[in-house]
file model.tsv (TSV, C-alpha atoms)
chain	number	residue	atom	x	y	z
A	509	MET	CA	0.00	0.00	0.00
A	510	PRO	CA	1.60	3.37	-1.06
A	511	VAL	CA	2.83	5.69	1.65
A	512	HIS	CA	1.86	9.38	1.29
A	513	ARG	CA	4.19	12.07	2.70
A	514	SER	CA	2.19	14.82	4.34
A	515	GLY	CA	2.34	18.17	2.48
A	516	THR	CA	6.13	18.60	1.89
A	517	THR	CA	6.45	18.25	-1.90
A	518	ALA	CA	3.88	20.89	-2.95
A	519	PRO	CA	5.27	23.80	-0.85
A	520	ARG	CA	8.81	23.04	-2.06
A	521	ARG	CA	7.62	23.09	-5.67
A	522	ARG	CA	5.87	26.43	-5.13
A	523	HIS	CA	9.06	27.97	-3.65
A	524	LEU	CA	11.14	26.78	-6.59
A	525	LEU	CA	8.64	28.17	-9.08
A	526	ALA	CA	8.57	31.53	-7.27
A	527	ALA	CA	12.37	31.73	-7.25
A	528	GLY	CA	12.52	30.90	-10.95
A	529	THR	CA	9.93	33.55	-11.77
A	530	PHE	CA	11.87	36.19	-9.82
A	531	LEU	CA	15.17	35.36	-11.57
A	532	ALA	CA	13.50	35.48	-14.98
A	533	ALA	CA	11.96	38.86	-14.22
A	534	LEU	CA	15.29	40.22	-12.96
A	535	THR	CA	17.08	39.01	-16.11
A	536	LEU	CA	14.46	40.68	-18.31
A	537	LEU	CA	14.73	43.96	-16.37
A	538	LEU	CA	18.50	44.09	-16.74
A	539	THR	CA	18.31	43.51	-20.50
A	540	LEU	CA	15.66	46.14	-21.21
A	541	PRO	CA	16.82	49.18	-23.24
A	542	GLY	CA	18.04	51.93	-20.93
A	543	ALA	CA	18.62	49.62	-17.97
A	544	ALA	CA	21.59	50.69	-15.88
A	545	SER	CA	24.66	48.49	-15.97
A	546	ALA	CA	27.93	48.58	-14.08
A	547	ALA	CA	29.59	50.11	-17.16
A	548	ASP	CA	26.91	52.82	-17.38
A	549	THR	CA	27.35	53.69	-13.71
A	550	ALA	CA	31.12	53.90	-14.11
A	551	ALA	CA	30.73	56.23	-17.10
A	552	VAL	CA	28.85	58.90	-15.12
A	553	PRO	CA	31.39	61.58	-14.11
A	554	GLU	CA	31.75	62.91	-10.61
A	555	ARG	CA	29.58	65.91	-9.74
A	556	GLY	CA	31.47	69.15	-10.23
A	557	THR	CA	33.64	67.91	-13.09
A	558	ALA	CA	31.40	69.12	-15.93
A	559	ARG	CA	32.95	71.61	-18.30
A	560	MET	CA	31.83	73.80	-21.15
A	561	GLY	CA	31.28	71.79	-24.32
A	562	GLN	CA	31.67	68.41	-22.66
A	563	GLY	CA	28.79	66.90	-24.64
A	564	VAL	CA	29.38	68.52	-28.04
A	565	ILE	CA	31.40	65.79	-29.75
A	566	ALA	CA	29.22	62.96	-28.43
A	567	HIS	CA	26.00	64.60	-29.63
A	568	ASP	CA	26.97	66.84	-32.57
A	569	GLY	CA	30.30	65.41	-33.71
A	570	GLN	CA	33.19	67.48	-35.01
A	571	ALA	CA	34.99	68.37	-38.23
A	572	GLY	CA	38.60	69.44	-38.59
A	573	GLY	CA	39.85	72.99	-38.92
A	574	SER	CA	38.29	76.33	-38.12
A	575	SER	CA	37.11	79.31	-40.09
A	576	THR	CA	36.95	83.01	-39.43
A	577	GLY	CA	33.23	82.59	-39.93
A	578	THR	CA	31.00	85.21	-41.52
A	579	LYS	CA	32.98	88.21	-40.32
A	580	ALA	CA	36.51	89.10	-41.42
A	581	VAL	CA	37.76	90.06	-37.97
A	582	GLN	CA	37.64	87.61	-35.08
A	583	THR	CA	39.32	87.76	-31.68
A	584	GLU	CA	40.65	84.51	-30.23
A	585	GLY	CA	39.61	83.33	-26.77
A	586	VAL	CA	39.69	80.26	-24.53
A	587	ASP	CA	37.50	78.76	-21.83
A	588	VAL	CA	38.91	76.79	-18.91
A	589	SER	CA	37.77	74.86	-15.85
A	590	GLY	CA	39.29	72.80	-13.08
A	591	HIS	CA	39.91	70.18	-15.79
A	592	GLN	CA	42.87	72.26	-17.06
A	593	GLY	CA	44.44	72.85	-13.64
A	594	ASN	CA	47.04	75.64	-13.60
A	595	VAL	CA	46.97	77.31	-17.02
A	596	ALA	CA	49.99	78.65	-18.93
A	597	TRP	CA	48.50	82.08	-19.52
A	598	SER	CA	51.66	83.67	-20.95
A	599	THR	CA	51.84	80.93	-23.59
A	600	LEU	CA	48.23	81.57	-24.56
A	601	TRP	CA	48.78	85.34	-24.69
A	602	ASN	CA	51.82	84.90	-26.91
A	603	SER	CA	49.77	82.70	-29.25
A	604	GLY	CA	47.25	85.51	-29.78
A	605	VAL	CA	44.54	84.70	-27.23
A	606	ARG	CA	43.05	87.94	-25.86
A	607	TRP	CA	40.05	86.89	-23.79
A	608	ALA	CA	39.11	84.03	-21.50
A	609	TYR	CA	36.24	82.57	-19.54
A	610	VAL	CA	36.83	80.59	-16.34
A	611	LYS	CA	34.40	78.14	-14.78
A	612	ALA	CA	33.40	79.50	-11.38
A	613	THR	CA	30.58	77.24	-10.20
A	614	GLU	CA	28.29	74.31	-10.92
A	615	GLY	CA	24.83	73.81	-9.46
A	616	THR	CA	24.89	75.02	-5.86
A	617	TYR	CA	27.46	72.46	-4.76
A	618	TYR	CA	30.75	73.12	-6.57
A	619	LYS	CA	33.35	75.91	-6.82
A	620	ASN	CA	36.34	75.63	-9.14
A	621	THR	CA	39.40	74.88	-6.99
A	622	TYR	CA	41.69	76.43	-9.63
A	623	PHE	CA	39.62	79.58	-9.91
A	624	THR	CA	42.16	82.02	-8.44
A	625	GLN	CA	45.04	80.92	-10.67
A	626	GLN	CA	42.87	80.91	-13.75
A	627	TYR	CA	40.88	84.10	-13.19
A	628	ASN	CA	43.74	86.24	-11.87
A	629	GLY	CA	46.31	84.67	-14.17
A	630	SER	CA	44.38	85.58	-17.31
A	631	TYR	CA	43.92	89.14	-16.05
A	632	ASN	CA	47.59	89.52	-15.12
A	633	VAL	CA	48.81	88.76	-18.65
A	634	GLY	CA	46.43	91.36	-20.07
A	635	MET	CA	43.37	89.37	-21.09
A	636	ILE	CA	39.77	90.46	-20.75
A	637	ARG	CA	38.13	87.70	-18.73
A	638	GLY	CA	34.88	86.53	-17.26
A	639	THR	CA	33.35	83.53	-15.54
A	640	TYR	CA	30.78	80.87	-16.32
A	641	HIS	CA	28.33	78.69	-14.42
A	642	PHE	CA	27.59	75.10	-15.44
A	643	ALA	CA	23.85	74.74	-14.96
A	644	THR	CA	22.23	71.67	-13.43
A	645	PRO	CA	18.49	72.43	-13.65
A	646	ASP	CA	17.58	69.16	-11.96
A	647	THR	CA	19.23	70.05	-8.63
A	648	THR	CA	18.04	73.55	-7.65
A	649	SER	CA	16.14	76.51	-9.10
A	650	GLY	CA	17.51	78.97	-11.63
A	651	ALA	CA	17.42	81.75	-9.04
A	652	ALA	CA	19.32	79.66	-6.49
A	653	GLN	CA	22.04	78.86	-9.00
A	654	ALA	CA	22.33	82.45	-10.24
A	655	ASN	CA	22.79	83.65	-6.65
A	656	TYR	CA	25.36	80.94	-5.95
A	657	PHE	CA	27.24	81.95	-9.11
A	658	VAL	CA	27.29	85.66	-8.25
A	659	ASP	CA	28.35	84.91	-4.67
A	660	ASN	CA	31.24	82.71	-5.80
A	661	GLY	CA	33.03	84.49	-8.63
A	662	GLY	CA	30.25	85.31	-11.07
A	663	GLY	CA	29.95	89.03	-10.36
A	664	TRP	CA	30.65	91.87	-12.77
A	665	SER	CA	32.27	95.30	-12.58
A	666	ARG	CA	32.55	98.04	-15.19
A	667	ASP	CA	36.34	98.08	-15.41
A	668	GLY	CA	36.72	97.26	-19.11
A	669	ARG	CA	38.39	93.94	-18.24
A	670	THR	CA	35.47	91.94	-16.82
A	671	LEU	CA	33.02	90.20	-19.15
A	672	PRO	CA	29.43	89.44	-18.09
A	673	GLY	CA	28.76	86.03	-16.59
A	674	VAL	CA	27.79	83.06	-18.72
A	675	LEU	CA	25.01	80.54	-18.21
A	676	ASP	CA	26.40	77.29	-19.61
A	677	ILE	CA	23.25	75.33	-20.45
A	678	GLU	CA	23.87	72.11	-22.40
A	679	TRP	CA	23.71	68.31	-22.24
A	680	ASN	CA	23.56	66.80	-18.79
A	681	PRO	CA	26.70	64.69	-18.22
A	682	TYR	CA	25.12	63.10	-15.14
A	683	GLY	CA	21.83	61.84	-16.59
A	684	ALA	CA	18.95	62.71	-18.93
A	685	GLN	CA	20.08	65.34	-21.43
A	686	CYS	CA	17.26	67.76	-20.60
A	687	TYR	CA	17.60	67.24	-16.83
A	688	GLY	CA	14.14	65.69	-16.61
A	689	LYS	CA	12.41	68.95	-17.57
A	690	THR	CA	9.76	69.63	-20.17
A	691	GLN	CA	10.62	72.23	-22.79
A	692	ALA	CA	8.40	74.78	-21.04
A	693	GLY	CA	9.96	73.88	-17.71
A	694	MET	CA	13.45	74.38	-19.11
A	695	VAL	CA	12.57	77.79	-20.55
A	696	ALA	CA	11.14	78.82	-17.16
A	697	TRP	CA	14.32	77.64	-15.40
A	698	ILE	CA	16.57	79.61	-17.77
A	699	ARG	CA	14.36	82.70	-17.38
A	700	ASP	CA	14.62	82.39	-13.59
A	701	PHE	CA	18.43	82.29	-13.83
A	702	VAL	CA	18.88	85.19	-16.26
A	703	ASN	CA	16.40	87.44	-14.44
A	704	THR	CA	18.11	86.81	-11.10
A	705	TYR	CA	21.58	87.39	-12.55
A	706	LYS	CA	20.41	90.65	-14.13
A	707	ALA	CA	18.89	91.80	-10.82
A	708	ARG	CA	22.11	91.02	-8.96
A	709	THR	CA	24.65	92.45	-11.43
A	710	GLY	CA	22.84	94.80	-13.79
A	711	ARG	CA	23.97	92.69	-16.76
A	712	ASP	CA	22.19	90.24	-18.99
A	713	PRO	CA	24.23	87.03	-18.87
A	714	VAL	CA	25.61	85.41	-21.99
A	715	ILE	CA	23.93	82.11	-22.85
A	716	TYR	CA	26.24	79.31	-23.97
A	717	THR	CA	24.51	76.42	-25.72
A	718	ALA	CA	24.44	74.21	-28.80
A	719	THR	CA	21.69	74.58	-31.38
A	720	SER	CA	20.67	70.91	-31.29
A	721	TRP	CA	20.40	70.90	-27.49
A	722	TRP	CA	18.42	74.15	-27.55
A	723	LYS	CA	15.97	72.66	-30.04
A	724	ASP	CA	15.52	69.45	-28.08
A	725	CYS	CA	15.30	70.90	-24.58
A	726	THR	CA	13.64	74.33	-25.05
A	727	GLY	CA	11.64	73.62	-28.20
A	728	ASN	CA	13.91	76.14	-29.98
A	729	ASN	CA	12.54	78.97	-27.86
A	730	GLY	CA	13.20	82.38	-29.39
A	731	GLY	CA	12.66	84.49	-26.28
A	732	PHE	CA	16.24	85.24	-25.23
A	733	GLY	CA	17.88	86.58	-28.37
A	734	ALA	CA	16.87	90.20	-27.81
A	735	THR	CA	18.62	90.45	-24.44
A	736	ASN	CA	21.21	87.72	-23.93
A	737	PRO	CA	24.37	87.47	-26.07
A	738	LEU	CA	24.82	84.05	-27.67
A	739	TRP	CA	27.86	81.84	-27.28
A	740	VAL	CA	27.26	78.90	-29.59
A	741	ALA	CA	29.08	75.56	-29.60
A	742	ARG	CA	29.86	73.89	-32.92
A	743	TYR	CA	33.11	72.09	-33.71
A	744	ASN	CA	33.21	72.67	-37.43
A	745	THR	CA	34.52	75.00	-40.12
A	746	THR	CA	31.36	77.13	-40.06
A	747	VAL	CA	29.13	78.14	-37.19
A	748	GLY	CA	26.06	76.62	-38.83
A	749	GLU	CA	22.46	77.17	-37.81
A	750	LEU	CA	21.89	79.33	-34.73
A	751	PRO	CA	19.19	78.77	-32.12
A	752	ALA	CA	15.90	80.62	-32.65
A	753	GLY	CA	15.87	84.26	-31.55
A	754	TRP	CA	19.51	85.01	-32.43
A	755	SER	CA	20.42	86.39	-35.84
A	756	TYR	CA	24.15	86.38	-35.05
A	757	TYR	CA	26.51	84.92	-32.46
A	758	THR	CA	28.74	86.89	-30.11
A	759	MET	CA	31.11	83.99	-29.42
A	760	TRP	CA	31.64	80.65	-31.11
A	761	GLN	CA	33.35	77.69	-29.47
A	762	TYR	CA	34.77	75.99	-32.54
A	763	THR	CA	37.10	73.32	-31.13
A	764	SER	CA	38.05	71.38	-28.02
A	765	SER	CA	41.46	70.39	-29.37
A	766	GLY	CA	43.33	73.68	-29.65
A	767	PRO	CA	46.93	74.26	-28.55
A	768	THR	CA	47.83	74.75	-24.85
A	769	VAL	CA	44.15	74.78	-23.84
A	770	GLY	CA	41.78	72.67	-25.88
A	771	ASP	CA	38.66	74.83	-25.89
A	772	HIS	CA	39.14	77.71	-28.33
A	773	ASN	CA	36.64	80.34	-29.40
A	774	HIS	CA	36.14	83.16	-31.88
A	775	PHE	CA	34.69	86.46	-30.69
A	776	ASN	CA	32.63	87.91	-33.52
A	777	GLY	CA	34.56	91.16	-33.93
A	778	ALA	CA	37.79	92.94	-33.15
A	779	LEU	CA	39.21	93.47	-29.66
A	780	ASP	CA	37.35	96.75	-29.24
A	781	ARG	CA	34.08	94.80	-29.45
A	782	VAL	CA	35.27	92.50	-26.65
A	783	VAL	CA	35.96	95.63	-24.59
A	784	ALA	CA	32.50	96.96	-25.45
A	785	LEU	CA	30.88	93.78	-24.15
A	786	ALA	CA	32.93	94.06	-20.96
A	787	ASN	CA	31.80	97.64	-20.48
A	788	GLY	CA	28.16	96.82	-21.07

call {"tool": "encode", "arguments": {"input": "model.tsv", "output": "structure tokens"}}
result
Amino acid sequence: MPVHRSGTTAPRRRHLLAAGTFLAALTLLLTLPGAASAADTAAVPERGTARMGQGVIAHDGQAGGSSTGTKAVQTEGVDVSGHQGNVAWSTLWNSGVRWAYVKATEGTYYKNTYFTQQYNGSYNVGMIRGTYHFATPDTTSGAAQANYFVDNGGGWSRDGRTLPGVLDIEWNPYGAQCYGKTQAGMVAWIRDFVNTYKARTGRDPVIYTATSWWKDCTGNNGGFGATNPLWVARYNTTVGELPAGWSYYTMWQYTSSGPTVGDHNHFNGALDRVVALANG
């Protein structure tokens, strides 16, 4: 006569089935498009390390060489951040560079540790210089970041040697390229920043961006061209299409592989126009 074991086989079978279902679901989740992997996590840079133009090549590509653009006279400039460390300003001056922008801040959590050497060093060799803020619209408001910028190197004075501050608004190196904002939300964030900077300094900040990012993340909003000078990023022989609202650029970042310092720029005019921008 068969012997029946009391209730042990069925519960064990249910546990094994549950474990198998969980493992299958986990495997599917990890293979879905956009799922984070160890490699993806390692590729995300440390907060504070973002620099002007960091996403240009990855998103827009590059082409060799540079052009004087649509205007015969251009004035050469560079932009630097903590990425460059101590900069050889005399070498840059001797190569013809006459203006510079230095990263001052990022978000409301980072100040450039090389700021003094870079900001004072460019001034001491004779350059006209200014500072920029790398925006992170997903961390704090535009007003909070404008205030942090002004309080930590982003101010302005009418001395003929200080350029207005720059809002560096571009691809997010730490996550979603538009920082999780709708196009309307991004426009509102930028407006909050520029209005606060203007209230604090009396100057309209320069907006640094790339046309493709501006289209994707603001819907190609045309509401800033009448007040804010444009610094456009495009690593090519011509400046190409500009974002809506601007009929000309003030500055053009045309390469990230220049001599001494990689990021080189054309100012759209002679040195006296750089001085005019500094004087407001």

call {"tool": "closest_residue", "arguments": {"input": "model.tsv", "among": "A:Tyr618, A:Trp597, A:Trp721, A:Trp754", "to": "Asn632 (chain A)", "atoms": "only C-alpha atoms"}}
result
A:Trp597

call {"tool": "closest_residue", "arguments": {"input": "model.tsv", "among": "A:Ala696, A:Val581, A:Val586, A:Ala612", "to": "Thr768 (chain A)", "atoms": "all atoms listed in the file"}}
result
A:Val586

call {"tool": "residues_around", "arguments": {"input": "model.tsv", "residues": "Leu671 (chain A)", "least_positions_apart": "2", "cutoff": "6 Å", "atoms": "all atoms listed in the file", "output": "ChimeraX atom specification"}}
result
/A:637-638,786

call {"tool": "atom_distance", "arguments": {"input": "model.tsv", "atom1": "CA of Tyr687 (chain A)", "atom2": "CA of Thr704 (chain A)"}}
result
20.4 Å

call {"tool": "atom_distance", "arguments": {"input": "model.tsv", "atom1": "CA of Val588 (chain A)", "atom2": "CA of Thr639 (chain A)"}}
result
9.4 Å

call {"tool": "atom_distance", "arguments": {"input": "model.tsv", "atom1": "CA of Cys686 (chain A)", "atom2": "CA of Phe642 (chain A)"}}
result
13.7 Å

call {"tool": "residues_around", "arguments": {"input": "model.tsv", "residues": "Thr644 (chain A)", "least_positions_apart": "4", "cutoff": "9 Å", "atoms": "only C-alpha atoms", "output": "list in words"}}
result
Glu614, Gly615, Thr616, Thr648, Ser649, Gly650, Gln653, Ile677, Asn680 and Tyr687 of chain A

call {"tool": "residues_around", "arguments": {"input": "model.tsv", "residues": "Leu779 (chain A)", "least_positions_apart": "3", "cutoff": "9 Å", "atoms": "only C-alpha atoms", "output": "count of residues only"}}
result
8

call {"tool": "closest_residue", "arguments": {"input": "model.tsv", "among": "A:Ala571, A:Ala692, A:Val610, A:Ala778", "to": "Phe623 (chain A)", "atoms": "all atoms listed in the file"}}
result
A:Val610

call {"tool": "residues_near_point", "arguments": {"input": "model.tsv", "point": "(37.6, 71.4, -7.8)", "cutoff": "8 Å", "atoms": "only C-alpha atoms", "output": "list in words"}}
result
Gly556, Thr557, Gly590, Tyr618, Lys619, Asn620, Thr621 and Tyr622 of chain A

call {"tool": "residues_near_point", "arguments": {"input": "model.tsv", "point": "(24.8, 84.5, -25.7)", "cutoff": "12 Å", "atoms": "only C-alpha atoms", "output": "NGL selection string"}}
result
:A and (640 or 671-677 or 702 or 712-719 or 732-741 or 750-761 or 775-776 or 785)

call {"tool": "write_last_selection", "arguments": {"input": "model.tsv", "atoms": "C-alpha atoms", "output": "PDB file, keeping the file's coordinate frame"}}
result
ATOM      1  CA  TYR A 640      30.780  80.870 -16.320  1.00  0.00           C
ATOM      2  CA  LEU A 671      33.020  90.200 -19.150  1.00  0.00           C
ATOM      3  CA  PRO A 672      29.430  89.440 -18.090  1.00  0.00           C
ATOM      4  CA  GLY A 673      28.760  86.030 -16.590  1.00  0.00           C
ATOM      5  CA  VAL A 674      27.790  83.060 -18.720  1.00  0.00           C
ATOM      6  CA  LEU A 675      25.010  80.540 -18.210  1.00  0.00           C
ATOM      7  CA  ASP A 676      26.400  77.290 -19.610  1.00  0.00           C
ATOM      8  CA  ILE A 677      23.250  75.330 -20.450  1.00  0.00           C
ATOM      9  CA  VAL A 702      18.880  85.190 -16.260  1.00  0.00           C
ATOM     10  CA  ASP A 712      22.190  90.240 -18.990  1.00  0.00           C
ATOM     11  CA  PRO A 713      24.230  87.030 -18.870  1.00  0.00           C
ATOM     12  CA  VAL A 714      25.610  85.410 -21.990  1.00  0.00           C
ATOM     13  CA  ILE A 715      23.930  82.110 -22.850  1.00  0.00           C
ATOM     14  CA  TYR A 716      26.240  79.310 -23.970  1.00  0.00           C
ATOM     15  CA  THR A 717      24.510  76.420 -25.720  1.00  0.00           C
ATOM     16  CA  ALA A 718      24.440  74.210 -28.800  1.00  0.00           C
ATOM     17  CA  THR A 719      21.690  74.580 -31.380  1.00  0.00           C
ATOM     18  CA  PHE A 732      16.240  85.240 -25.230  1.00  0.00           C
ATOM     19  CA  GLY A 733      17.880  86.580 -28.370  1.00  0.00           C
ATOM     20  CA  ALA A 734      16.870  90.200 -27.810  1.00  0.00           C
ATOM     21  CA  THR A 735      18.620  90.450 -24.440  1.00  0.00           C
ATOM     22  CA  ASN A 736      21.210  87.720 -23.930  1.00  0.00           C
ATOM     23  CA  PRO A 737      24.370  87.470 -26.070  1.00  0.00           C
ATOM     24  CA  LEU A 738      24.820  84.050 -27.670  1.00  0.00           C
ATOM     25  CA  TRP A 739      27.860  81.840 -27.280  1.00  0.00           C
ATOM     26  CA  VAL A 740      27.260  78.900 -29.590  1.00  0.00           C
ATOM     27  CA  ALA A 741      29.080  75.560 -29.600  1.00  0.00           C
ATOM     28  CA  LEU A 750      21.890  79.330 -34.730  1.00  0.00           C
ATOM     29  CA  PRO A 751      19.190  78.770 -32.120  1.00  0.00           C
ATOM     30  CA  ALA A 752      15.900  80.620 -32.650  1.00  0.00           C
ATOM     31  CA  GLY A 753      15.870  84.260 -31.550  1.00  0.00           C
ATOM     32  CA  TRP A 754      19.510  85.010 -32.430  1.00  0.00           C
ATOM     33  CA  SER A 755      20.420  86.390 -35.840  1.00  0.00           C
ATOM     34  CA  TYR A 756      24.150  86.380 -35.050  1.00  0.00           C
ATOM     35  CA  TYR A 757      26.510  84.920 -32.460  1.00  0.00           C
ATOM     36  CA  THR A 758      28.740  86.890 -30.110  1.00  0.00           C
ATOM     37  CA  MET A 759      31.110  83.990 -29.420  1.00  0.00           C
ATOM     38  CA  TRP A 760      31.640  80.650 -31.110  1.00  0.00           C
ATOM     39  CA  GLN A 761      33.350  77.690 -29.470  1.00  0.00           C
ATOM     40  CA  PHE A 775      34.690  86.460 -30.690  1.00  0.00           C
ATOM     41  CA  ASN A 776      32.630  87.910 -33.520  1.00  0.00           C
ATOM     42  CA  LEU A 785      30.880  93.780 -24.150  1.00  0.00           C
TER      43      LEU A 785
END

call {"tool": "closest_residue", "arguments": {"input": "model.tsv", "among": "A:Thr613, A:Trp679, A:Asn773, A:Gln625", "to": "Ser720 (chain A)", "atoms": "all atoms listed in the file"}}
result
A:Trp679
